[in-house]
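Visitor: Coordinates in model-v8.txt, compact mmCIF, C-alpha atoms (C1' of nucleotides), are listed below.
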# COMPACT_ATOMS: atom_id res chain seq x y z
CA MET N 1420 -4.94 1.10 0.35
CA LYS N 1421 -3.22 -1.85 1.85
CA LEU N 1422 -0.91 -3.03 4.56
CA THR N 1423 2.43 -4.45 3.46
CA SER N 1424 3.63 -7.91 4.40
CA LYS N 1425 6.47 -6.49 6.39
CA GLY N 1426 4.07 -4.71 8.71
CA ARG N 1427 1.74 -7.66 8.96
CA TYR N 1428 4.54 -10.12 9.59
CA ALA N 1429 6.05 -7.90 12.26
CA VAL N 1430 2.80 -7.87 14.21
CA MET N 1431 2.20 -11.58 13.65
CA ALA N 1432 5.69 -12.48 14.78
CA LEU N 1433 5.48 -10.34 17.89
CA ALA N 1434 2.09 -11.76 18.75
CA ASP N 1435 3.62 -15.20 18.43
CA LEU N 1436 6.52 -14.11 20.58
CA ALA N 1437 4.15 -12.73 23.19
CA ASN N 1438 2.16 -15.95 23.17
CA PHE N 1439 5.20 -18.09 23.84
CA ASN N 1440 6.52 -15.55 26.27
CA SER N 1441 8.34 -17.59 28.86
CA VAL N 1442 11.69 -17.45 30.58
CA ASN N 1443 13.38 -18.76 27.45
CA PRO N 1444 13.97 -16.74 24.35
CA VAL N 1445 12.11 -17.73 21.20
CA SER N 1446 14.14 -18.42 18.08
CA LEU N 1447 13.22 -16.96 14.74
CA ARG N 1448 13.32 -20.46 13.37
CA ASP N 1449 10.39 -21.43 15.59
CA ILE N 1450 8.42 -18.34 14.65
CA SER N 1451 9.21 -18.97 11.02
CA LEU N 1452 7.83 -22.50 11.23
CA ARG N 1453 4.76 -21.60 13.24
CA GLN N 1454 3.77 -18.53 11.26
CA GLY N 1455 4.97 -19.62 7.84
CA ILE N 1456 7.21 -16.61 7.33
CA SER N 1457 10.59 -16.88 5.62
CA LEU N 1458 13.44 -16.97 8.11
CA ASP N 1459 15.53 -14.50 6.13
CA PHE N 1460 12.68 -12.06 6.00
CA LEU N 1461 12.07 -12.42 9.73
CA GLU N 1462 15.69 -11.58 10.37
CA GLN N 1463 15.33 -8.34 8.50
CA ILE N 1464 12.24 -7.49 10.46
CA PHE N 1465 13.68 -8.34 13.85
CA SER N 1466 16.80 -6.39 13.18
CA LYS N 1467 14.58 -3.32 12.97
CA LEU N 1468 12.50 -4.29 15.95
CA LYS N 1469 15.67 -4.65 17.96
CA ARG N 1470 17.00 -1.29 16.86
CA HIS N 1471 13.77 0.23 18.16
CA ASN N 1472 14.10 -1.54 21.50
CA ILE N 1473 10.97 -3.56 21.05
CA VAL N 1474 12.79 -6.86 21.44
CA LYS N 1475 16.04 -8.01 22.97
CA SER N 1476 18.26 -10.64 21.37
CA ILE N 1477 20.16 -13.46 22.96
CA ARG N 1478 22.79 -15.12 20.82
CA GLY N 1479 24.09 -18.66 20.64
CA THR N 1480 22.52 -22.03 21.17
CA ASN N 1481 19.09 -21.78 22.77
CA GLY N 1482 19.20 -18.11 21.96
CA GLY N 1483 16.44 -16.11 20.38
CA TYR N 1484 14.40 -13.02 21.06
CA ILE N 1485 12.36 -11.81 24.00
CA LEU N 1486 10.09 -8.82 24.37
CA ASN N 1487 11.78 -5.80 25.82
CA LYS N 1488 8.65 -4.52 27.55
CA ASP N 1489 5.35 -5.71 28.87
CA PRO N 1490 2.98 -6.52 25.98
CA VAL N 1491 0.59 -3.84 27.23
CA GLN N 1492 3.23 -1.22 26.63
CA ILE N 1493 3.94 -2.23 23.05
CA LYS N 1494 1.56 -0.35 20.81
CA LEU N 1495 0.95 -1.38 17.22
CA ALA N 1496 2.04 2.10 16.27
CA ASN N 1497 5.46 1.34 17.76
CA ILE N 1498 5.76 -1.89 15.84
CA LEU N 1499 4.69 -0.54 12.49
CA ASN N 1500 6.84 2.51 12.91
CA ALA N 1501 9.83 0.28 13.66
CA VAL N 1502 9.53 -1.59 10.38
CA ASP N 1503 8.97 1.61 8.39
CA GLU N 1504 5.34 0.85 7.71
CA GLU N 1505 4.09 4.39 7.54
CA VAL N 1506 0.60 5.58 6.90
CA LYS N 1507 0.81 7.71 3.80
CA THR N 1508 -2.20 9.23 2.16
CA VAL N 1509 -0.82 12.35 0.55
CA GLN N 1510 2.13 13.05 -1.71
CA CYS N 1511 2.40 16.65 -0.67
CA LYS N 1512 4.64 16.28 2.35
CA LYS N 1513 7.59 18.51 3.03
CA ASP N 1514 10.26 16.96 0.86
CA SER N 1515 8.08 15.75 -1.96
CA LYS N 1516 8.12 17.15 -5.46
CA LYS N 1517 4.58 16.11 -6.16
CA GLY N 1518 1.33 17.29 -4.66
CA CYS N 1519 0.27 20.73 -3.59
CA ASN N 1520 3.68 22.00 -2.57
CA ASN N 1521 4.80 23.06 -5.99
CA LYS N 1522 1.52 24.77 -6.70
CA THR N 1523 0.34 28.08 -5.44
CA SER N 1524 -2.96 26.75 -4.15
CA LYS N 1525 -3.35 24.05 -1.55
CA CYS N 1526 -4.98 20.97 -3.00
CA ILE N 1527 -8.65 20.59 -2.25
CA THR N 1528 -8.45 17.26 -0.56
CA HIS N 1529 -5.40 17.94 1.54
CA ASN N 1530 -7.25 18.19 4.84
CA LEU N 1531 -9.20 15.08 4.06
CA TRP N 1532 -6.15 12.89 3.72
CA ASP N 1533 -4.64 14.36 6.82
CA GLU N 1534 -7.78 13.44 8.71
CA LEU N 1535 -7.63 9.93 7.31
CA GLU N 1536 -4.05 9.56 8.40
CA MET N 1537 -4.98 10.62 11.90
CA HIS N 1538 -7.93 8.28 11.91
CA ILE N 1539 -5.78 5.29 11.04
CA ASN N 1540 -2.95 6.23 13.35
CA TYR N 1541 -5.45 6.54 16.17
CA PHE N 1542 -6.29 2.88 15.69
CA PHE N 1543 -2.66 1.85 15.88
CA GLU N 1544 -2.11 3.98 18.97
CA GLN N 1545 -4.99 2.32 20.80
CA LYS N 1546 -4.07 -1.27 20.19
CA ASN N 1547 -1.25 -3.05 21.95
CA LEU N 1548 0.24 -6.52 21.87
CA LYS N 1549 -1.68 -7.61 24.94
CA ASP N 1550 -4.93 -6.92 23.08
CA LEU N 1551 -3.90 -9.46 20.49
CA ILE N 1552 -3.03 -12.37 22.71
CA THR N 1553 -6.09 -12.08 24.89
CA ASN N 1554 -8.14 -12.59 21.78
CA THR N 1555 -11.63 -12.00 23.06
CA SER N 1556 -11.72 -9.49 20.22
CA GLU N 1557 -13.52 -6.87 22.26
CA GLY N 1558 -11.99 -4.04 20.29
CA ARG N 1559 -14.18 -1.03 19.78
CA ASN N 1560 -13.66 1.97 17.56
CA MET L 635 -0.10 1.48 4.19
CA LYS L 636 -0.90 4.01 1.56
CA LEU L 637 -3.54 5.31 -0.77
CA THR L 638 -2.91 4.94 -4.49
CA SER L 639 -2.92 7.86 -6.90
CA LYS L 640 -5.93 6.52 -8.69
CA GLY L 641 -8.01 6.79 -5.54
CA ARG L 642 -6.63 10.16 -4.62
CA TYR L 643 -7.08 11.56 -8.11
CA ALA L 644 -10.64 10.28 -8.28
CA VAL L 645 -11.56 12.15 -5.13
CA MET L 646 -9.65 15.27 -6.17
CA ALA L 647 -11.27 15.32 -9.59
CA LEU L 648 -14.74 14.88 -8.20
CA ALA L 649 -14.16 17.56 -5.61
CA ASP L 650 -13.10 19.84 -8.45
CA LEU L 651 -16.16 18.83 -10.40
CA ALA L 652 -18.39 19.54 -7.42
CA ASN L 653 -16.75 22.92 -6.97
CA PHE L 654 -17.42 23.97 -10.51
CA ASN L 655 -20.82 22.40 -10.41
CA SER L 656 -22.95 24.56 -12.66
CA VAL L 657 -25.38 24.01 -15.47
CA ASN L 658 -22.56 23.28 -17.86
CA PRO L 659 -20.58 20.08 -17.85
CA VAL L 660 -16.92 20.25 -16.90
CA SER L 661 -14.38 18.85 -19.34
CA LEU L 662 -11.62 16.55 -18.23
CA ARG L 663 -9.23 18.90 -19.91
CA ASP L 664 -10.16 21.63 -17.44
CA ILE L 665 -9.85 19.31 -14.48
CA SER L 666 -6.55 18.06 -15.83
CA LEU L 667 -5.19 21.58 -16.00
CA ARG L 668 -6.52 22.71 -12.65
CA GLN L 669 -5.51 19.62 -10.69
CA GLY L 670 -2.36 18.70 -12.57
CA ILE L 671 -3.51 15.22 -13.42
CA SER L 672 -2.75 13.60 -16.77
CA LEU L 673 -5.72 13.75 -19.14
CA ASP L 674 -5.31 10.15 -20.22
CA PHE L 675 -5.28 8.99 -16.64
CA LEU L 676 -8.37 11.03 -15.86
CA GLU L 677 -10.17 9.36 -18.72
CA GLN L 678 -9.48 5.96 -17.25
CA ILE L 679 -10.74 7.09 -13.90
CA PHE L 680 -13.89 8.73 -15.22
CA SER L 681 -14.76 5.74 -17.30
CA LYS L 682 -15.04 3.82 -14.05
CA LEU L 683 -16.87 6.59 -12.25
CA LYS L 684 -19.37 6.65 -15.06
CA ARG L 685 -19.86 2.91 -15.00
CA HIS L 686 -20.71 3.24 -11.32
CA ASN L 687 -23.23 6.01 -12.00
CA ILE L 688 -21.33 8.60 -10.04
CA VAL L 689 -21.02 10.93 -13.02
CA LYS L 690 -22.85 11.43 -16.29
CA SER L 691 -21.08 12.26 -19.53
CA ILE L 692 -22.03 14.65 -22.26
CA ARG L 693 -20.23 14.26 -25.54
CA GLY L 694 -19.19 16.70 -28.20
CA THR L 695 -18.12 20.30 -28.14
CA ASN L 696 -18.75 21.93 -24.78
CA GLY L 697 -19.27 18.47 -23.42
CA GLY L 698 -17.83 17.08 -20.24
CA TYR L 699 -18.98 15.45 -17.05
CA ILE L 700 -21.54 16.32 -14.42
CA LEU L 701 -22.30 14.73 -11.08
CA ASN L 702 -25.08 12.20 -11.22
CA LYS L 703 -26.27 12.88 -7.68
CA ASP L 704 -26.21 15.53 -5.04
CA PRO L 705 -22.71 15.84 -3.52
CA VAL L 706 -24.15 14.89 -0.12
CA GLN L 707 -25.16 11.54 -1.48
CA ILE L 708 -21.77 10.67 -2.93
CA LYS L 709 -19.77 8.97 -0.22
CA LEU L 710 -16.03 8.57 -0.47
CA ALA L 711 -16.64 4.85 -0.11
CA ASN L 712 -18.61 4.95 -3.37
CA ILE L 713 -15.85 6.79 -5.17
CA LEU L 714 -13.00 4.62 -3.99
CA ASN L 715 -14.97 1.49 -4.63
CA ALA L 716 -15.66 2.66 -8.17
CA VAL L 717 -11.99 2.99 -9.02
CA ASP L 718 -11.13 -0.34 -7.39
CA GLU L 719 -9.34 1.25 -4.49
CA GLU L 720 -10.04 -1.40 -1.91
CA VAL L 721 -8.97 -1.49 1.67
CA LYS L 722 -6.95 -4.65 2.07
CA THR L 723 -5.24 -5.58 5.26
CA VAL L 724 -5.19 -9.36 5.15
CA GLN L 725 -4.13 -11.86 2.53
CA CYS L 726 -6.37 -14.56 3.87
CA LYS L 727 -9.56 -13.77 2.02
CA LYS L 728 -11.70 -16.37 0.29
CA ASP L 729 -9.88 -16.80 -2.99
CA SER L 730 -6.37 -16.22 -1.79
CA LYS L 731 -3.69 -18.89 -1.64
CA LYS L 732 -1.79 -17.10 1.07
CA GLY L 733 -2.68 -16.39 4.65
CA CYS L 734 -4.57 -18.47 7.14
CA ASN L 735 -6.82 -20.21 4.68
CA ASN L 736 -4.40 -22.91 3.69
CA LYS L 737 -3.45 -23.60 7.28
CA THR L 738 -5.38 -25.49 9.87
CA SER L 739 -5.24 -22.75 12.46
CA LYS L 740 -6.58 -19.25 12.04
CA CYS L 741 -3.82 -16.68 12.11
CA ILE L 742 -3.41 -14.81 15.37
CA THR L 743 -3.86 -11.35 13.98
CA HIS L 744 -6.78 -12.09 11.71
CA ASN L 745 -9.37 -10.33 13.84
CA LEU L 746 -7.12 -7.34 14.23
CA TRP L 747 -6.86 -6.68 10.52
CA ASP L 748 -10.54 -7.14 10.09
CA GLU L 749 -11.13 -4.52 12.74
CA LEU L 750 -8.71 -2.18 10.99
CA GLU L 751 -10.50 -2.63 7.71
CA MET L 752 -13.77 -1.77 9.34
CA HIS L 753 -12.23 1.22 11.05
CA ILE L 754 -10.98 2.64 7.77
CA ASN L 755 -14.12 1.84 5.83
CA TYR L 756 -16.12 3.60 8.50
CA PHE L 757 -14.22 6.77 7.69
CA PHE L 758 -14.99 6.49 3.99
CA GLU L 759 -18.65 5.79 4.71
CA GLN L 760 -19.00 8.92 6.83
CA LYS L 761 -17.45 11.40 4.42
CA ASN L 762 -19.17 12.67 1.33
CA LEU L 763 -18.30 15.06 -1.47
CA LYS L 764 -20.20 17.90 0.15
CA ASP L 765 -17.92 17.66 3.19
CA LEU L 766 -14.97 18.37 0.94
CA ILE L 767 -16.20 21.46 -0.82
CA THR L 768 -17.47 23.16 2.31
CA ASN L 769 -13.98 22.94 3.65
CA THR L 770 -14.43 24.16 7.18
CA SER L 771 -12.70 20.87 8.04
CA GLU L 772 -14.99 20.11 10.94
CA GLY L 773 -14.52 16.37 10.61
CA ARG L 774 -14.45 14.43 13.84
CA ASN L 775 -13.68 10.79 14.46
C1' DT M 69 38.14 -26.85 22.04
C1' DG M 70 34.99 -27.60 18.43
C1' DA M 71 30.63 -28.10 16.59
C1' DA M 72 26.04 -26.60 16.44
C1' DT M 73 22.82 -23.07 17.03
C1' DA M 74 21.07 -18.76 16.20
C1' DC M 75 21.62 -13.90 15.81
C1' DT M 76 23.75 -10.04 12.34
C1' DT M 77 24.35 -7.44 8.22
C1' DG M 78 24.24 -5.88 3.63
C1' DA M 79 23.67 -6.58 -1.10
C1' DC M 80 21.05 -8.30 -4.57
C1' DT M 81 16.83 -9.78 -7.38
C1' DA M 82 12.32 -11.55 -9.14
C1' DA M 83 7.67 -10.48 -9.11
C1' DA M 84 4.00 -7.53 -8.66
C1' DT M 85 1.93 -3.19 -8.74
C1' DT M 86 1.39 1.49 -10.04
C1' DA M 87 1.00 5.22 -12.79
C1' DC M 88 0.79 6.33 -16.32
C1' DT M 89 1.21 6.77 -22.12
C1' DC M 90 -0.30 5.74 -26.76
C1' DA M 91 -3.20 4.92 -30.43
C1' DG M 92 -6.93 4.50 -32.11
C1' DG M 93 -11.88 5.35 -32.13
C1' DT M 94 -17.14 7.74 -31.67
C1' DA M 95 -20.57 11.36 -30.68
C1' DT M 96 -22.03 16.16 -30.77
C1' DA M 97 -22.18 21.26 -31.42
C1' DT M 98 -21.38 25.06 -34.36
C1' DA Y 569 -16.87 19.82 -42.06
C1' DT Y 570 -14.30 20.49 -38.29
C1' DA Y 571 -13.13 20.92 -33.70
C1' DT Y 572 -14.07 19.34 -29.27
C1' DA Y 573 -14.26 15.98 -25.94
C1' DC Y 574 -15.71 11.56 -24.54
C1' DC Y 575 -14.41 6.37 -25.07
C1' DT Y 576 -11.62 2.08 -24.98
C1' DG Y 577 -8.01 -1.17 -24.70
C1' DA Y 578 -3.34 -2.29 -24.99
C1' DG Y 579 1.17 -1.48 -23.70
C1' DT Y 580 5.11 0.05 -20.72
C1' DA Y 581 8.46 2.45 -17.57
C1' DA Y 582 9.23 3.16 -12.88
C1' DT Y 583 8.68 1.92 -8.39
C1' DT Y 584 7.84 -0.96 -4.59
C1' DT Y 585 7.50 -5.28 -2.39
C1' DA Y 586 8.88 -9.43 -0.76
C1' DG Y 587 11.79 -11.76 -0.44
C1' DT Y 588 16.80 -14.56 -1.35
C1' DC Y 589 21.75 -15.10 -0.83
C1' DA Y 590 26.08 -14.94 1.23
C1' DA Y 591 29.14 -14.23 4.64
C1' DG Y 592 29.75 -13.29 8.87
C1' DT Y 593 29.82 -13.21 14.80
C1' DA Y 594 28.50 -14.68 19.48
C1' DT Y 595 27.23 -18.28 22.66
C1' DT Y 596 26.32 -22.76 24.54
C1' DC Y 597 27.12 -27.45 25.27
C1' DA Y 598 29.52 -31.78 24.90
Taking this structure as input, can you express it in the form of structure tokens?

Guide:
Amino acid sequence: MKLTSKGRYAVMALADLANFNSVNPVSLRDISLRQGISLDFLEQIFSKLKRHNIVKSIRGTNGGYILNKDPVQIKLANILNAVDEEVKTVQCKKDSKKGCNNKTSKCITHNLWDELEMHINYFFEQKNLKDLITNTSEGRN
Amino acid sequence: MKLTSKGRYAVMALADLANFNSVNPVSLRDISLRQGISLDFLEQIFSKLKRHNIVKSIRGTNGGYILNKDPVQIKLANILNAVDEEVKTVQCKKDSKKGCNNKTSKCITHNLWDELEMHINYFFEQKNLKDLITNTSEGRN
DNA sequence: TGAATACTTGACTAAATTACTCAGGTATAT
DNA sequence: ATATACCTGAGTAATTTAGTCAAGTATTCA
């Protein structure tokens, strides 16, 4: 059970962006250098973030990205969803061949994994970008 | 962010075992047939479960496995830990080359991922095998 | 206008992980 | 004896991840 780099990087990059949130856009190059993330990979990630209206892009010299909303309004769930980082615990979803769909009986642990998914998603729904940059780490379950 | 089959199968198999918990041991062959999990794979999994004292084995004809403790005392955390299904959200742990260890500054999102890990582990600590077989699904966060 | 900067897009690939299979073996009951 | 079922380690195909590479387009500034 682990988080992928794409999801982690997306959150790291946006936290960085929120930190340096000024009038000027922040270039991916800067984020790349500060966070140690490959520029090419960042471009992939931000293309998705843009498509989901989480960031806005400004082209040309001195261009870069800026947040499209107030950090408080950007939930981790939004970010992770944008980069296709889904929480998946079961195989037996609608379109899947595996799992309890192709059997007559529902698998024993089905409800359990659903609960787990909800439990994790709850966490991502609670946290927003603002929580990250004011890092007093007062997060509670 | 997803659970591996090994972890899922381990829990499914043990739930099955708990369900058919009688005087007689349950063979992997039976579990394999009922749950649709490859026998060879089950053997790998149960070898680990045995090493962690979650099940006991009985060899020979009519042999099989039985639970080593009361289902209430077997937490999901124990099971997943036994099959090496760890919850990993950050790269920057002690022995890792990647992440914020090899940098001077601590990465911005470090605390966040730690919180997430705790959040998920909390779930696995709360649930036990008994919860699964009395499937009234009354789990709350 | 032209050069530099920085976003944009899609295809491709190496490495790692996962989810097994395979091929032997050993212990026990009947 | 023989069948059952546990036991163990090595190997491997498929999938996923984590990027790289290449070729653009838009904008600013000198």

Visitor: Skipping near chain neighbours, those fewer than 6 positions away, what residues fall within 9 Å of stretch 1537-1553 of chain N using all atoms listed in the file, listed as a PyMOL selection string?

Guide: (chain N and resi 1430+1433-1435+1437-1438+1489-1497+1499+1506+1560) or (chain L and resi 742-743+745-746+750+753-754+757+775)

Visitor: Distance limit 6 Å, atoms considered: only C-alpha atoms. Which chain N residues sit that close to chain L? Return them as a PyMOL selection string.

Guide: chain N and resi 1420-1422+1506-1508

Visitor: Expressed in Å to a single decimal, how great is the separation between atom CA of L:Ala716 and atom CA of L:Ile671?

Guide: 18.2 Å

Visitor: Could you tell me, as a CSV table (one decimal) with C-alpha atoms (C1' of nucleotides), keeping the file's coordinate frame, which residues have any atom at most 7 Å from (-18.3, 13.7, -27.0), counting all atoms listed in the file?

Guide:
chain,number,residue,atom,x,y,z
L,692,ILE,CA,-22.0,14.6,-22.3
L,693,ARG,CA,-20.2,14.3,-25.5
L,694,GLY,CA,-19.2,16.7,-28.2
L,695,THR,CA,-18.1,20.3,-28.1
L,697,GLY,CA,-19.3,18.5,-23.4
M,95,DA,C1',-20.6,11.4,-30.7
M,96,DT,C1',-22.0,16.2,-30.8
Y,573,DA,C1',-14.3,16.0,-25.9
Y,574,DC,C1',-15.7,11.6,-24.5

Visitor: Excluding Y:DA586 and its own-chain neighbours fewer than 5 positions away, which residues fall within 9 Å of it when counting only C-alpha atoms (C1' of nucleotides)? Please give them as a PyMOL selection string.

Guide: (chain N and resi 1424-1425+1460) or (chain M and resi 83)

Visitor: Counting only C-alpha atoms (C1' of nucleotides), which residue out of N:Ala1429, N:Val1502, N:Leu1452, N:Val1445 sits closest to chain M?

Guide: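 The shortest atom-to-atom distance to chain M comes from N:Val1445.
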